>>> print(open('input_8.cif').read())   # mmCIF, C-alpha atoms and all ligand atoms
data_input
loop_
_atom_site.label_atom_id
_atom_site.label_comp_id
_atom_site.auth_asym_id
_atom_site.auth_seq_id
_atom_site.Cartn_x
_atom_site.Cartn_y
_atom_site.Cartn_z
CA MET A 1 -5.13 -16.23 54.12
CA LEU A 2 -6.40 -15.33 50.65
CA LEU A 3 -4.13 -12.99 48.70
CA LEU A 4 -4.45 -11.24 45.37
CA GLY A 5 -1.09 -11.22 43.57
CA ILE A 6 -0.06 -8.73 40.88
CA GLU A 7 3.02 -9.17 38.68
CA THR A 8 4.15 -6.80 35.91
CA SER A 9 7.94 -6.73 36.25
CA CYS A 10 8.70 -7.52 32.62
CA ASP A 11 6.43 -8.46 29.73
CA ASP A 12 3.78 -10.67 31.35
CA THR A 13 0.69 -9.02 32.82
CA ALA A 14 -0.41 -11.32 35.62
CA ALA A 15 -2.92 -11.49 38.46
CA ALA A 16 -3.70 -14.43 40.74
CA VAL A 17 -5.58 -15.42 43.85
CA VAL A 18 -3.78 -17.83 46.18
CA ARG A 19 -4.86 -19.34 49.49
CA ASP A 20 -2.30 -19.90 52.26
CA GLY A 21 0.68 -19.46 49.95
CA ARG A 22 -0.12 -22.71 48.19
CA ASP A 23 -3.57 -23.26 46.69
CA VAL A 24 -3.95 -21.39 43.43
CA LEU A 25 -7.60 -20.41 43.01
CA ALA A 26 -6.94 -18.32 39.89
CA ASN A 27 -3.84 -17.65 37.83
CA VAL A 28 -4.34 -15.18 34.98
CA SER A 29 -1.48 -14.20 32.70
CA THR A 30 -1.39 -12.35 29.40
CA ASN A 31 1.86 -12.43 27.50
CA GLN A 32 2.84 -9.67 25.10
CA ASP A 33 4.89 -11.78 22.70
CA GLU A 34 2.99 -10.63 19.60
CA PHE A 35 3.80 -6.99 20.36
CA HIS A 36 7.53 -7.53 20.85
CA ALA A 37 8.15 -10.28 18.28
CA LYS A 38 8.86 -8.01 15.34
CA TYR A 39 11.59 -6.23 17.33
CA GLY A 40 13.22 -9.54 18.30
CA GLY A 41 13.21 -8.62 22.00
CA ILE A 42 11.25 -6.83 24.70
CA VAL A 43 10.69 -3.12 24.08
CA PRO A 44 10.25 -1.57 27.56
CA GLU A 45 7.95 1.25 26.43
CA ILE A 46 5.60 -1.19 24.69
CA ALA A 47 5.67 -3.48 27.73
CA SER A 48 4.48 -0.77 30.12
CA ARG A 49 1.77 0.45 27.75
CA ARG A 50 0.41 -3.07 27.35
CA HIS A 51 0.38 -3.57 31.14
CA THR A 52 -1.63 -0.35 31.45
CA SER A 53 -4.18 -1.62 28.92
CA VAL A 54 -4.79 -5.07 30.35
CA LEU A 55 -3.90 -5.19 34.06
CA SER A 56 -7.27 -4.08 35.47
CA ALA A 57 -9.10 -6.69 33.40
CA ALA A 58 -6.60 -9.36 34.49
CA ILE A 59 -7.25 -8.52 38.16
CA GLU A 60 -11.04 -8.64 37.71
CA ASP A 61 -10.70 -11.89 35.82
CA ALA A 62 -8.58 -13.47 38.57
CA LEU A 63 -10.99 -12.38 41.34
CA ASP A 64 -13.94 -13.66 39.27
CA ARG A 65 -12.36 -17.04 38.61
CA ALA A 66 -11.52 -17.40 42.28
CA GLY A 67 -15.21 -16.80 43.01
CA GLY A 68 -14.44 -13.71 45.07
CA SER A 69 -13.99 -9.98 44.95
CA LEU A 70 -11.80 -7.31 46.49
CA ALA A 71 -14.06 -7.58 49.54
CA THR A 72 -13.29 -11.28 50.13
CA ILE A 73 -9.49 -11.22 49.88
CA ASP A 74 -7.24 -10.64 52.89
CA GLY A 75 -4.52 -8.60 51.19
CA ILE A 76 -2.75 -7.54 48.02
CA ALA A 77 0.74 -8.60 46.98
CA VAL A 78 2.65 -6.82 44.23
CA THR A 79 6.08 -7.17 42.64
CA ALA A 80 8.11 -4.11 43.64
CA GLY A 81 11.30 -5.06 41.75
CA PRO A 82 13.69 -5.91 40.26
CA GLY A 83 12.56 -5.49 36.65
CA LEU A 84 11.79 -2.88 34.04
CA ILE A 85 10.93 0.37 35.79
CA GLY A 86 8.00 1.30 33.52
CA SER A 87 6.53 -2.18 33.84
CA LEU A 88 6.94 -2.32 37.63
CA VAL A 89 5.34 1.09 38.07
CA VAL A 90 2.10 -0.08 36.46
CA GLY A 91 1.70 -2.95 38.95
CA VAL A 92 2.70 -0.88 41.96
CA ALA A 93 0.53 2.09 40.98
CA THR A 94 -2.42 -0.27 40.55
CA ALA A 95 -1.92 -2.16 43.81
CA LYS A 96 -1.43 0.89 46.05
CA PRO A 97 -4.86 2.52 45.58
CA LEU A 98 -6.59 -0.89 45.74
CA ALA A 99 -5.01 -1.50 49.13
CA PHE A 100 -5.59 2.07 50.31
CA ALA A 101 -9.24 2.15 49.26
CA THR A 102 -10.11 -1.27 50.70
CA GLY A 103 -7.97 -0.92 53.81
CA LYS A 104 -6.43 -4.35 53.12
CA PRO A 105 -2.74 -4.96 53.83
CA LEU A 106 -0.28 -4.40 50.98
CA TYR A 107 2.74 -6.65 50.54
CA ALA A 108 5.79 -5.74 48.42
CA VAL A 109 7.47 -8.76 46.89
CA ASN A 110 10.91 -9.17 45.35
CA HIS A 111 10.37 -10.84 41.98
CA LEU A 112 13.29 -13.24 42.56
CA HIS A 113 11.91 -14.38 45.91
CA GLY A 114 8.72 -15.02 43.96
CA HIS A 115 10.47 -17.50 41.67
CA LEU A 116 11.73 -19.39 44.73
CA PHE A 117 8.33 -19.66 46.39
CA ALA A 118 6.79 -20.86 43.12
CA ALA A 119 8.01 -24.27 44.28
CA PHE A 120 5.28 -24.24 46.96
CA LEU A 121 2.35 -23.71 44.57
CA ASP A 122 -0.25 -26.45 44.15
CA ARG A 123 1.83 -28.97 46.13
CA ASP A 124 0.80 -31.54 48.69
CA VAL A 125 4.41 -31.85 49.86
CA GLU A 126 6.39 -28.62 50.27
CA PRO A 127 10.17 -28.24 49.96
CA PRO A 128 11.64 -28.56 53.48
CA TYR A 129 14.10 -25.93 54.75
CA PRO A 130 16.95 -25.47 54.26
CA PHE A 131 16.83 -26.00 50.50
CA LEU A 132 19.19 -25.09 47.71
CA ALA A 133 17.59 -23.31 44.76
CA LEU A 134 18.85 -22.78 41.25
CA LEU A 135 17.09 -19.66 39.98
CA VAL A 136 17.46 -19.27 36.23
CA SER A 137 15.48 -16.61 34.41
CA GLY A 138 15.89 -14.10 31.61
CA GLY A 139 17.52 -11.54 33.87
CA HIS A 140 19.13 -13.63 36.62
CA SER A 141 21.03 -16.84 37.22
CA GLN A 142 21.90 -17.61 40.78
CA LEU A 143 22.14 -20.22 43.49
CA VAL A 144 20.23 -19.42 46.65
CA GLU A 145 20.23 -21.07 50.06
CA VAL A 146 16.77 -20.81 51.54
CA HIS A 147 16.78 -21.34 55.31
CA GLY A 148 13.25 -20.01 55.73
CA PRO A 149 10.93 -17.34 54.31
CA ALA A 150 12.96 -14.63 56.04
CA GLU A 151 16.40 -16.05 55.38
CA LEU A 152 17.41 -16.27 51.75
CA ARG A 153 21.11 -16.15 50.86
CA VAL A 154 22.53 -15.81 47.35
CA ILE A 155 25.67 -17.96 47.23
CA ALA A 156 26.50 -17.66 43.52
CA LYS A 157 25.67 -15.49 40.53
CA THR A 158 26.49 -15.24 36.87
CA ARG A 159 29.49 -13.11 35.98
CA ASP A 160 27.84 -11.94 32.76
CA ASP A 161 24.71 -13.15 30.96
CA ALA A 162 21.81 -14.92 32.65
CA ALA A 163 21.02 -18.42 31.38
CA GLY A 164 17.74 -17.27 29.81
CA GLU A 165 19.50 -14.35 28.17
CA ALA A 166 22.03 -16.79 26.67
CA PHE A 167 19.14 -18.88 25.30
CA ASP A 168 17.49 -15.78 23.85
CA LYS A 169 20.69 -14.41 22.26
CA THR A 170 21.69 -17.79 20.84
CA ALA A 171 18.17 -18.25 19.47
CA ARG A 172 18.63 -14.98 17.57
CA LEU A 173 21.91 -16.25 16.12
CA LEU A 174 19.93 -19.27 14.89
CA ASP A 175 17.24 -16.99 13.38
CA LEU A 176 14.61 -18.39 15.73
CA PRO A 177 11.51 -16.37 16.55
CA PHE A 178 11.02 -14.48 19.83
CA PRO A 179 10.81 -15.64 22.58
CA GLY A 180 13.98 -17.57 21.97
CA GLY A 181 14.23 -20.02 24.88
CA PRO A 182 11.25 -22.24 24.06
CA ALA A 183 11.99 -22.03 20.30
CA LEU A 184 15.58 -23.13 20.86
CA GLU A 185 14.47 -26.02 23.06
CA ALA A 186 12.02 -27.16 20.37
CA LEU A 187 14.74 -27.06 17.70
CA ALA A 188 17.22 -28.88 19.97
CA ARG A 189 14.87 -31.89 20.15
CA ASP A 190 15.92 -32.85 16.60
CA GLY A 191 19.62 -32.29 17.19
CA ASP A 192 22.64 -34.16 18.56
CA PRO A 193 23.80 -32.64 21.87
CA LYS A 194 27.29 -34.08 21.26
CA ALA A 195 27.66 -32.71 17.71
CA ILE A 196 29.75 -29.70 18.80
CA ALA A 197 31.86 -29.49 21.96
CA PHE A 198 31.03 -25.92 22.99
CA PRO A 199 33.08 -24.63 25.96
CA ARG A 200 31.77 -25.02 29.51
CA TYR A 201 32.76 -22.35 32.01
CA ARG A 202 34.49 -23.97 34.98
CA PRO A 203 35.80 -21.68 37.74
CA ASP A 204 38.49 -22.90 40.15
CA ALA A 205 37.62 -25.78 42.44
CA GLY A 206 35.13 -24.73 45.08
CA ALA A 207 34.00 -21.59 43.23
CA LEU A 208 30.35 -21.42 42.23
CA ASP A 209 30.09 -18.56 39.76
CA LEU A 210 28.35 -18.99 36.43
CA SER A 211 29.16 -17.52 33.02
CA PHE A 212 27.45 -17.83 29.64
CA SER A 213 28.77 -15.02 27.46
CA GLY A 214 31.80 -17.05 26.27
CA LEU A 215 29.48 -19.87 25.25
CA LYS A 216 27.23 -17.53 23.28
CA THR A 217 30.28 -16.03 21.52
CA SER A 218 31.62 -19.44 20.60
CA VAL A 219 28.26 -20.34 19.03
CA ARG A 220 28.55 -17.16 16.95
CA TYR A 221 32.10 -18.00 15.80
CA PHE A 222 31.06 -21.56 15.06
CA LEU A 223 28.14 -20.41 12.89
CA GLU A 224 30.50 -18.12 10.95
CA SER A 225 33.07 -20.92 10.45
CA ASP A 226 33.34 -23.54 7.69
CA ALA A 227 32.54 -26.27 10.24
CA ALA A 228 28.94 -24.97 10.39
CA ALA A 229 28.24 -26.52 7.00
CA GLY A 230 28.78 -30.01 8.44
CA VAL A 231 26.03 -29.88 11.06
CA THR A 232 22.35 -28.92 11.27
CA ARG A 233 20.93 -25.92 13.14
CA ALA A 234 19.26 -28.44 15.41
CA ASP A 235 22.72 -29.87 16.27
CA VAL A 236 23.92 -26.37 17.18
CA ALA A 237 20.84 -25.79 19.36
CA ALA A 238 21.17 -29.18 21.09
CA SER A 239 24.92 -28.73 21.67
CA PHE A 240 24.41 -25.22 23.07
CA GLN A 241 21.62 -26.41 25.36
CA ALA A 242 23.78 -29.30 26.59
CA ALA A 243 26.58 -26.86 27.46
CA VAL A 244 24.21 -24.61 29.48
CA VAL A 245 22.77 -27.61 31.31
CA ASP A 246 26.27 -28.97 32.08
CA VAL A 247 27.43 -25.67 33.56
CA LEU A 248 24.31 -25.26 35.70
CA ILE A 249 24.32 -28.85 36.94
CA ASP A 250 28.05 -28.72 37.72
CA ARG A 251 27.55 -25.63 39.87
CA VAL A 252 24.60 -27.17 41.76
CA ARG A 253 26.71 -30.29 42.32
CA ARG A 254 29.52 -28.15 43.75
CA ALA A 255 27.09 -26.17 45.91
CA LEU A 256 25.69 -29.38 47.37
CA GLU A 257 29.03 -29.86 49.11
CA ARG A 258 28.21 -26.79 51.22
CA GLY A 259 25.05 -28.43 52.54
CA PRO A 260 23.43 -30.34 54.05
CA TYR A 261 20.28 -29.25 52.23
CA ARG A 262 16.99 -31.04 52.59
CA ALA A 263 15.74 -30.33 49.06
CA LEU A 264 16.69 -28.96 45.67
CA VAL A 265 14.48 -26.39 43.95
CA LEU A 266 14.69 -25.34 40.31
CA SER A 267 12.91 -22.15 39.34
CA GLY A 268 12.66 -19.23 36.90
CA GLY A 269 11.70 -19.26 33.24
CA VAL A 270 14.56 -21.54 32.18
CA ALA A 271 13.25 -24.19 34.59
CA ALA A 272 10.62 -24.78 31.89
CA ASN A 273 13.43 -26.39 29.86
CA THR A 274 12.92 -30.15 29.93
CA ALA A 275 16.60 -31.06 29.39
CA LEU A 276 17.56 -28.92 32.40
CA ALA A 277 14.71 -30.16 34.58
CA ASP A 278 15.54 -33.80 33.77
CA ALA A 279 19.24 -33.33 34.54
CA PHE A 280 18.33 -31.51 37.76
CA ARG A 281 16.05 -34.33 38.92
CA ALA A 282 18.74 -36.90 38.05
CA LEU A 283 21.29 -34.97 40.13
CA GLY A 284 18.88 -34.92 43.08
CA ALA A 285 18.29 -38.66 42.71
CA ARG A 286 22.06 -39.33 42.70
CA HIS A 287 22.45 -37.31 45.89
CA GLU A 288 19.24 -38.74 47.37
CA ILE A 289 17.72 -35.29 47.85
CA PRO A 290 14.12 -34.58 46.83
CA THR A 291 13.83 -32.18 43.90
CA PHE A 292 11.08 -29.66 43.29
CA VAL A 293 10.46 -28.18 39.85
CA PRO A 294 7.35 -25.99 39.60
CA GLU A 295 4.77 -26.69 36.93
CA ARG A 296 5.66 -24.88 33.72
CA ARG A 297 3.07 -22.14 34.25
CA TYR A 298 4.66 -21.34 37.61
CA CYS A 299 8.25 -21.43 36.26
CA THR A 300 7.81 -18.45 33.95
CA ASP A 301 6.63 -15.12 35.35
CA ASN A 302 3.26 -15.35 37.09
CA ALA A 303 1.37 -13.64 39.89
CA ALA A 304 0.59 -16.77 41.93
CA MET A 305 4.23 -16.93 43.03
CA ILE A 306 4.03 -13.29 44.16
CA ALA A 307 0.97 -13.95 46.31
CA ALA A 308 2.60 -17.12 47.71
CA THR A 309 5.75 -15.20 48.66
CA ALA A 310 3.80 -12.45 50.43
CA ASP A 311 1.87 -15.08 52.35
CA ARG A 312 5.04 -16.87 53.45
CA ARG A 313 6.95 -13.70 54.36
CA GLY A 314 3.99 -12.07 56.06
CA GLU A 315 4.89 -8.99 58.12
CA ILE A 316 8.41 -8.75 56.61
CA ALA A 317 6.82 -7.98 53.25
CA ARG A 318 4.10 -5.65 54.54
CA VAL A 319 4.38 -2.02 53.43
CA ASP A 320 2.54 1.27 53.76
CA PRO A 321 0.40 1.69 50.61
CA LEU A 322 1.23 5.38 50.45
CA ALA A 323 4.98 4.84 50.73
CA LEU A 324 5.68 1.97 48.30
CA THR A 325 7.73 2.77 45.20
CA ALA A 326 8.85 0.45 42.42
CA ASP A 327 12.60 -0.25 42.41
CA PRO A 328 14.10 -1.67 39.19
CA ASN A 329 17.25 -2.66 41.13
CA LEU A 330 15.56 -3.90 44.28
CA PRO A 331 18.25 -5.74 46.26
CA PHE A 332 17.71 -9.44 46.89
O1 LIG D 1 11.35 -16.02 34.67
P1 LIG D 1 11.04 -15.51 33.32
O2 LIG D 1 9.67 -15.81 32.75
O3 LIG D 1 11.24 -13.97 33.24
C1 LIG D 1 12.29 -13.33 33.91
O4 LIG D 1 12.12 -13.06 35.13
O5 LIG D 1 13.33 -13.13 33.26
O6 LIG D 1 12.16 -16.09 32.36
C2 LIG D 1 12.17 -15.82 31.00
C3 LIG D 1 13.36 -16.51 30.39
C4 LIG D 1 13.60 -16.12 28.95
O7 LIG D 1 14.97 -15.85 28.77
C5 LIG D 1 13.17 -17.37 28.19
O8 LIG D 1 13.83 -17.54 26.95
C6 LIG D 1 13.55 -18.44 29.15
O9 LIG D 1 13.17 -17.95 30.41
N1 LIG D 1 12.83 -19.69 28.85
C7 LIG D 1 13.41 -20.83 28.44
C8 LIG D 1 12.38 -21.76 28.21
N2 LIG D 1 11.18 -21.16 28.50
C9 LIG D 1 11.48 -19.90 28.91
N3 LIG D 1 14.71 -21.12 28.26
C10 LIG D 1 15.00 -22.36 27.82
N4 LIG D 1 14.07 -23.31 27.56
C11 LIG D 1 12.75 -23.06 27.75
N5 LIG D 1 11.83 -23.99 27.50
ZN ZN D 2 10.98 -13.84 36.32
#
>>> encode(input="input_8.cif", output="structure tokens", more="lines below")
Ligand code: KG4
Ligand code: ZN
Amino acid sequence: MLLLGIETSCDDTAAAVVRDGRDVLANVSTNQDEFHAKYGGIVPEIASRRHTSVLSAAIEDALDRAGGSLATIDGIAVTAGPGLIGSLVVGVATAKPLAFATGKPLYAVNHLHGHLFAAFLDRDVEPPYPFLALLVSGGHSQLVEVHGPAELRVIAKTRDDAAGEAFDKTARLLDLPFPGGPALEALARDGDPKAIAFPRYRPDAGALDLSFSGLKTSVRYFLESDAAAGVTRADVAASFQAAVVDVLIDRVRRALERGPYRALVLSGGVAANTALADAFRALGARHEIPTFVPERRYCTDNAAMIAATADRRGEIARVDPLALTADPNLPF
């Protein structure tokens, strides 16, 4: 099955063509960083206007690169939520008439499911079910048990900030440019992860919840304190990053006790972080479980993962093109 995927839930305008939920024939993505950078964060109104300007061209580009057209694809998959309402509406309002006019099936995809099925893209070996996934993005941080395409269970969430949000906010404290996550990781490469012992959130034994707002606050207090003079900004970045990685890895380790799971999957924008991905793979190796970390371009928001999810979920995801509405709070 050949599906066109459309993703506009936040600030990336993306279109892709994917065969059988795995082979990526085209993956087009335009980021809007230059338009948001001067505000230090994503401005929703700007995000939706940019999607409006570039989405049609992105779709044509993806179909072109895949060597096809609307006539040759078998269906259209679009992110229906969660995300920014104005951004989601652009994708949904574009996908609906395409499906209606061509008579091809329309599939509504939950953006977070998309991050999970990113692990199947461009792979010879797929993650076997049931697998445990750590989904860490700018808006969400959660642990998910995936028993199959139709059976996805969230077993833990963050109590406050998402991991990516913590990276972005801490990057701002360090005067790093937007987007903060990659900039903070780059700075951390020159720093000592043990320079500052930032707090790690540890719930009671057996509990799996995550929390990052205390960590972010302690970075702020540290930077305002006299002790800040004794270390470099790179040390602060590296020590912060080490604390985030420790918390995430500790929670995955705890969750593994609920298994057995046949694989570990890391996904979402923060999965692009090398320190996290390395620690995740090392944890899998210690527990003798295969780990799957999508290629960087499939970790951050993309449309290939949306097409892959629709393919895998099939009829469960299928919707009436006239009835679909974007839902910024779409339940998992
Ligand atoms: O999945 P994603 O592209 O969008 C959402 O669905 O939120 O994730 C974006 C998040 C941002 O918070 C960004 O700072 C973070 O992922 N991120 C990173 C890295 N690359 C992206 N965080 C840490 N290290 C990175 N290399
Ligand atoms: Zn995302």
>>> residues_around(input="input_8.cif", residues="Ile196 of chain A", least_positions_apart="3", cutoff="9 Å", atoms="all atoms listed in the file", output="number ranges by chain")
A: 192-193, 231, 235-236, 238-240
>>> write_last_selection(input="input_8.cif", atoms="C-alpha atoms", output="mmCIF file, keeping the file's coordinate frame")
data_model
loop_
_atom_site.group_PDB
_atom_site.id
_atom_site.type_symbol
_atom_site.label_atom_id
_atom_site.label_comp_id
_atom_site.auth_asym_id
_atom_site.auth_seq_id
_atom_site.Cartn_x
_atom_site.Cartn_y
_atom_site.Cartn_z
ATOM 1 C CA ASP A 192 22.640 -34.160 18.560
ATOM 2 C CA PRO A 193 23.800 -32.640 21.870
ATOM 3 C CA VAL A 231 26.030 -29.880 11.060
ATOM 4 C CA ASP A 235 22.720 -29.870 16.270
ATOM 5 C CA VAL A 236 23.920 -26.370 17.180
ATOM 6 C CA ALA A 238 21.170 -29.180 21.090
ATOM 7 C CA SER A 239 24.920 -28.730 21.670
ATOM 8 C CA PHE A 240 24.410 -25.220 23.070
#
>>> closest_atom_pairs(input="input_8.cif", of="segment 253-286 of chain A", to="segment 135-154 of chain A", cutoff="9 Å", atoms="only C-alpha atoms", output="tab-separated table")
residue	atom	partner	partner_atom	distance
A:Ala255	CA	A:Leu143	CA	8.1
A:Tyr261	CA	A:Glu145	CA	8.5
A:Val265	CA	A:Leu135	CA	8.2
A:Leu266	CA	A:Leu135	CA	6.2
A:Ser267	CA	A:Leu135	CA	4.9
A:Gly268	CA	A:Ser137	CA	4.6
A:Gly269	CA	A:Ser137	CA	4.8
A:Val270	CA	A:Val136	CA	5.5
A:Ala271	CA	A:Val136	CA	6.7
>>> residues_around(input="input_8.cif", residues="Gly83 of chain A", least_positions_apart="4", cutoff="12 Å", atoms="all atoms listed in the file", output="VMD selection string")
chain A and resid 7 to 12 44 47 to 48 79 87 to 91 109 to 112 137 to 140 301 326 to 331
>>> atom_distance(input="input_8.cif", atom1="atom CA of His115 of chain A", atom2="atom CA of Leu134 of chain A")
9.9 Å
>>> closest_residue(input="input_8.cif", among="A:His287, A:His113, A:Arg50, A:Lys216", to="Ala307 of chain A", atoms="all atoms listed in the file")
A:His113
>>> closest_residue(input="input_8.cif", among="A:Ala37, A:Ala15, A:Leu4, A:Ala162", to="ligand LIG 1 (chain D)", atoms="only C-alpha atoms and all ligand atoms")
A:Ala162
>>> closest_residue(input="input_8.cif", among="A:Glu45, A:Asp190, A:Glu126, A:Asp160", to="Leu264 of chain A", atoms="all atoms listed in the file")
A:Glu126
>>> closest_atom_pairs(input="input_8.cif", of="segment 186-250 of chain A", to="segment 282-286 of chain A", cutoff="12 Å", atoms="all atoms listed in the file", output="tab-separated table")
residue	atom	partner	partner_atom	distance
A:Val245	CA	A:Leu283	CA	11.6
A:Asp246	CA	A:Leu283	CA	11.2
A:Leu248	CA	A:Leu283	CA	11.1
A:Ile249	CA	A:Leu283	CA	7.5
A:Asp250	CA	A:Leu283	CA	9.5
>>> closest_residue(input="input_8.cif", among="A:Ala62, A:Leu215, A:Val43, A:Ala163", to="Val24 of chain A", atoms="all atoms listed in the file")
A:Ala62
>>> closest_residue(input="input_8.cif", among="A:Leu84, A:Ala205, A:Val17, A:Leu25", to="ligand LIG 1 (chain D)", atoms="only C-alpha atoms and all ligand atoms")
A:Leu84
>>> atom_distance(input="input_8.cif", atom1="atom CA of Gly259 of chain A", atom2="atom CA of Pro290 of chain A")
13.8 Å
>>> closest_residue(input="input_8.cif", among="A:Asp204, A:Glu60, A:Asp226, A:Asp168", to="ligand LIG 1 (chain D)", atoms="only C-alpha atoms and all ligand atoms")
A:Asp168
>>> residues_around(input="input_8.cif", residues="Ala263 of chain A", least_positions_apart="5", cutoff="7 Å", atoms="only C-alpha atoms", output="ChimeraX atom specification")
/A:127-128,131-132,289-291
>>> atom_distance(input="input_8.cif", atom1="atom CA of Thr170 of chain A", atom2="atom CA of Ala195 of chain A")
16.4 Å
>>> build_atoms(input="input_8.cif", residues="segment 186-198 of chain A", atoms="N, CA, C and O atoms", output="mmCIF file, in the coordinates of the input")
data_model
loop_
_atom_site.group_PDB
_atom_site.id
_atom_site.type_symbol
_atom_site.label_atom_id
_atom_site.label_comp_id
_atom_site.auth_asym_id
_atom_site.auth_seq_id
_atom_site.Cartn_x
_atom_site.Cartn_y
_atom_site.Cartn_z
ATOM 1 N N ALA A 186 12.764 -26.365 21.352
ATOM 2 C CA ALA A 186 12.020 -27.160 20.370
ATOM 3 C C ALA A 186 12.957 -27.616 19.240
ATOM 4 O O ALA A 186 12.935 -28.776 18.823
ATOM 5 N N LEU A 187 13.803 -26.710 18.762
ATOM 6 C CA LEU A 187 14.740 -27.060 17.700
ATOM 7 C C LEU A 187 15.748 -28.113 18.180
ATOM 8 O O LEU A 187 16.096 -29.054 17.454
ATOM 9 N N ALA A 188 16.194 -27.980 19.426
ATOM 10 C CA ALA A 188 17.220 -28.880 19.970
ATOM 11 C C ALA A 188 16.735 -30.329 20.028
ATOM 12 O O ALA A 188 17.547 -31.257 20.017
ATOM 13 N N ARG A 189 15.405 -30.525 20.064
ATOM 14 C CA ARG A 189 14.870 -31.890 20.150
ATOM 15 C C ARG A 189 15.295 -32.748 18.959
ATOM 16 O O ARG A 189 15.417 -33.945 19.069
ATOM 17 N N ASP A 190 15.521 -32.101 17.804
ATOM 18 C CA ASP A 190 15.920 -32.850 16.600
ATOM 19 C C ASP A 190 17.427 -32.894 16.417
ATOM 20 O O ASP A 190 17.911 -33.333 15.375
ATOM 21 N N GLY A 191 18.179 -32.382 17.388
ATOM 22 C CA GLY A 191 19.620 -32.290 17.190
ATOM 23 C C GLY A 191 20.414 -33.233 18.084
ATOM 24 O O GLY A 191 19.863 -33.851 19.003
ATOM 25 N N ASP A 192 21.719 -33.315 17.795
ATOM 26 C CA ASP A 192 22.640 -34.160 18.560
ATOM 27 C C ASP A 192 23.386 -33.289 19.570
ATOM 28 O O ASP A 192 24.186 -32.435 19.184
ATOM 29 N N PRO A 193 23.157 -33.498 20.865
ATOM 30 C CA PRO A 193 23.800 -32.640 21.870
ATOM 31 C C PRO A 193 25.322 -32.784 21.897
ATOM 32 O O PRO A 193 26.016 -31.957 22.490
ATOM 33 N N LYS A 194 25.827 -33.868 21.259
ATOM 34 C CA LYS A 194 27.290 -34.080 21.260
ATOM 35 C C LYS A 194 27.922 -33.627 19.950
ATOM 36 O O LYS A 194 29.126 -33.807 19.736
ATOM 37 N N ALA A 195 27.125 -33.063 19.043
ATOM 38 C CA ALA A 195 27.660 -32.710 17.710
ATOM 39 C C ALA A 195 28.814 -31.723 17.806
ATOM 40 O O ALA A 195 29.816 -31.857 17.108
ATOM 41 N N ILE A 196 28.701 -30.726 18.671
ATOM 42 C CA ILE A 196 29.750 -29.700 18.800
ATOM 43 C C ILE A 196 30.112 -29.567 20.278
ATOM 44 O O ILE A 196 29.223 -29.425 21.135
ATOM 45 N N ALA A 197 31.423 -29.594 20.556
ATOM 46 C CA ALA A 197 31.860 -29.490 21.960
ATOM 47 C C ALA A 197 32.046 -28.017 22.317
ATOM 48 O O ALA A 197 33.165 -27.500 22.340
ATOM 49 N N PHE A 198 30.927 -27.323 22.576
ATOM 50 C CA PHE A 198 31.030 -25.920 22.990
ATOM 51 C C PHE A 198 31.665 -25.845 24.377
ATOM 52 O O PHE A 198 31.525 -26.771 25.174
#
